[in-house]
Amino acid sequence: MMGTYHSTLTFQTNGNCDMVDITSEVESVVRASGFKNGICTVFCVGSTGSIITIEYEEGLLKDFPEAMERLAPVEAVYEHHLRWQDGNGHSHIRASIVGPSLTAPFVDSQLTLGTWQQIAFVDFDNRSRSRKVEVMLVGE
Amino acid sequence: MMGTYHSTLTFQTNGNCDMVDITSEVESVVRASGFKNGICTVFCVGSTGSIITIEYEEGLLKDFPEAMERLAPVEAVYEHHLRWQDGNGHSHIRASIVGPSLTAPFVDSQLTLGTWQQIAFVDFDNRSRSRKVEVMLVGE
Amino acid sequence: MMGTYHSTLTFQTNGNCDMVDITSEVESVVRASGFKNGICTVFCVGSTGSIITIEYEEGLLKDFPEAMERLAPVEAVYEHHLRWQDGNGHSHIRASIVGPSLTAPFVDSQLTLGTWQQIAFVDFDNRSRSRKVEVMLVGE
């Protein structure tokens, strides 16, 4: 029987490319739904965070911010900052390019992730924040 | 009662990172569907445009194109151009990286966007064009 | 009548930005499902590959890897490599930024792709691999 199932995750982040592994929280939502097969959309509410998949290990936690520096350096001139003085122009740009949303299938109540592939929230903002991630399943 | 709901948006764009805020159009599709909960996929038809979320304000409308210049400069040498002479190699590369598709949840007939998070179409092409965006909802 | 339909694609890739056009395979899954309208999620299992849309032609097959070199150069220093000695730090970073997942609508049993817009798997790893892509449809 097809349906939707919704859950909101909330947590604290530290800013500056802080990455939070939310794989087990998303897996819990899939189990709680009772669905066997379907898709799971994980969505960052707000314009300075992203949802990615990554091998969540110490090395890449350092390498990913380096790549973000090439893409949108903290010290570049941002019109956003000149207008609003909030110092987070780079945060918005990074979040728009990487994207706020991940959709992954689940089969037999398991997300189809690889063994070394985790779901992570990335906080691109320049300060600690309280974050909200919406998880919506469509399945049966 | 689960179902799908489909609508096509069409509009004119100016090329060269022109960004169009389509949030209210997408919200209208969600309302028209009569669904309360589900997911909404917004898809750019064509290989030189993208769908992003961004705080749609004057500063970032200038900063985003700057970041695209770092990613795929207009003046770089593109094999695509050498073969087809259409001058839009950078457009294709930008669109492939940023991506053609956004999937966002809706809850109680509202997209779960943040207050300063809009849905925008970005035209990466190098000329004015007529654009088509497909919106498909799955919900109940 | 709403439902889900699942299929797994498997194929061999060559690494180093090898791109495989999987459009016709994904179209076959849509036809096999019997659904008329819905959405199709194409998901790369593993953390060194991505799903993109692109005009699949010889020029861009050379231009896309060039852009990836700007984003995450092969020869940069990666902490991932310093820890695991597998030489594929750049592969992980590229895959996380470009993303593992594509969701596209289908209408009247046809994906809503543009004429010059194909679905491609990109192998960012540094060696030949056997790859698995999960396709999940939700539709009616």
# chains A, B, ... in the order shown; residues from 1 in each chain; ligands from 1
$ residues_around --residues "Gly89 (chain C)" --least-positions-apart "6" --cutoff "10 Å" --atoms "only C-alpha atoms" --output "ChimeraX atom specification"
/A:59-60,63-64 /C:48,72-82,124-126
$ write_last_selection --atoms "N, CA and C atoms" --output "tab-separated table (two decimals), in the first residue's frame"
chain	number	residue	atom	x	y	z
A	59	GLY	N	40.15	11.82	6.85
A	59	GLY	CA	40.88	12.44	5.74
A	59	GLY	C	39.97	13.32	4.90
A	60	LEU	N	38.86	12.77	4.45
A	60	LEU	CA	37.96	13.53	3.57
A	60	LEU	C	37.29	14.69	4.30
A	63	ASP	N	39.68	17.20	3.42
A	63	ASP	CA	39.84	17.46	1.99
A	63	ASP	C	38.65	18.20	1.39
A	64	PHE	N	37.45	17.89	1.88
A	64	PHE	CA	36.26	18.52	1.31
A	64	PHE	C	36.29	20.05	1.51
C	48	THR	N	32.58	7.11	-5.21
C	48	THR	CA	33.49	7.69	-6.20
C	48	THR	C	32.88	7.75	-7.60
C	72	ALA	N	39.00	19.69	-8.26
C	72	ALA	CA	39.76	18.80	-7.35
C	72	ALA	C	40.86	18.15	-8.16
C	73	PRO	N	42.02	18.83	-8.25
C	73	PRO	CA	43.12	18.34	-9.09
C	73	PRO	C	43.63	16.98	-8.61
C	74	VAL	N	43.98	16.12	-9.56
C	74	VAL	CA	44.55	14.81	-9.21
C	74	VAL	C	45.80	14.98	-8.36
C	75	GLU	N	46.61	15.97	-8.69
C	75	GLU	CA	47.92	16.11	-8.04
C	75	GLU	C	47.92	16.93	-6.74
C	76	ALA	N	46.77	17.38	-6.28
C	76	ALA	CA	46.73	18.09	-5.00
C	76	ALA	C	47.05	17.11	-3.86
C	77	VAL	N	47.32	17.67	-2.68
C	77	VAL	CA	47.56	16.80	-1.51
C	77	VAL	C	46.21	16.48	-0.87
C	78	TYR	N	45.94	15.20	-0.67
C	78	TYR	CA	44.68	14.77	-0.04
C	78	TYR	C	44.98	14.00	1.24
C	79	GLU	N	44.37	14.43	2.32
C	79	GLU	CA	44.50	13.70	3.59
C	79	GLU	C	43.98	12.28	3.45
C	80	HIS	N	42.96	12.12	2.63
C	80	HIS	CA	42.43	10.77	2.39
C	80	HIS	C	43.52	9.84	1.89
C	81	HIS	N	44.33	10.34	0.96
C	81	HIS	CA	45.42	9.53	0.43
C	81	HIS	C	46.50	9.28	1.48
C	82	LEU	N	46.81	10.30	2.26
C	82	LEU	CA	47.85	10.15	3.28
C	82	LEU	C	47.46	9.07	4.29
C	124	PHE	N	34.60	8.52	-11.24
C	124	PHE	CA	35.68	9.40	-10.80
C	124	PHE	C	36.86	8.63	-10.21
C	125	ASP	N	36.73	7.33	-10.05
C	125	ASP	CA	37.81	6.58	-9.40
C	125	ASP	C	39.05	6.53	-10.29
C	126	ASN	N	40.15	6.02	-9.73
C	126	ASN	CA	41.42	6.03	-10.48
C	126	ASN	C	41.77	4.66	-11.07
$ interface_residues --of "chain C" --to "chain B" --cutoff "9 Å" --atoms "only C-alpha atoms" --output "number ranges by chain"
C: 1-2, 37-39, 52-55, 57-64, 66-68, 70-71, 97-99, 102-107, 112-118, 138-140
$ select_by_dssp --residues "chain A" --states "strand (DSSP E)" --output "VMD selection string"
chain A and resid 3 to 13 18 to 21 38 to 44 49 to 54 101 to 107 110 to 111 118 to 123 129 to 139
$ residues_around --residues "Cys17 (chain A)" --least-positions-apart "3" --cutoff "6 Å" --atoms "only C-alpha atoms" --output "NGL selection string"
:A and (65 or 122-124)
$ write_last_selection --atoms "N, CA and C atoms" --output "PDB file, in the first residue's frame"
ATOM      1  N   PRO A  65      36.582  20.547   2.708  1.00  0.00           N
ATOM      2  CA  PRO A  65      36.692  22.011   2.870  1.00  0.00           C
ATOM      3  C   PRO A  65      37.747  22.640   1.959  1.00  0.00           C
ATOM      4  N   VAL A 122      26.252  19.091   5.509  1.00  0.00           N
ATOM      5  CA  VAL A 122      27.407  19.989   5.557  1.00  0.00           C
ATOM      6  C   VAL A 122      26.915  21.381   5.894  1.00  0.00           C
ATOM      7  N   ASP A 123      27.467  21.936   6.952  1.00  0.00           N
ATOM      8  CA  ASP A 123      27.120  23.299   7.346  1.00  0.00           C
ATOM      9  C   ASP A 123      28.148  24.257   6.759  1.00  0.00           C
ATOM     10  N   PHE A 124      27.724  25.005   5.733  1.00  0.00           N
ATOM     11  CA  PHE A 124      28.638  25.946   5.082  1.00  0.00           C
ATOM     12  C   PHE A 124      28.652  27.314   5.753  1.00  0.00           C
TER      13      PHE A 124
END
$ atom_distance --atom1 "CA of Val30 (chain B)" --atom2 "CA of Gly15 (chain B)"
27.7 Å
$ atom_distance --atom1 "CA of Ile22 (chain A)" --atom2 "CA of Ile22 (chain B)"
29.8 Å
$ atom_distance --atom1 "CA of Asp86 (chain A)" --atom2 "CA of Ile119 (chain B)"
21.8 Å
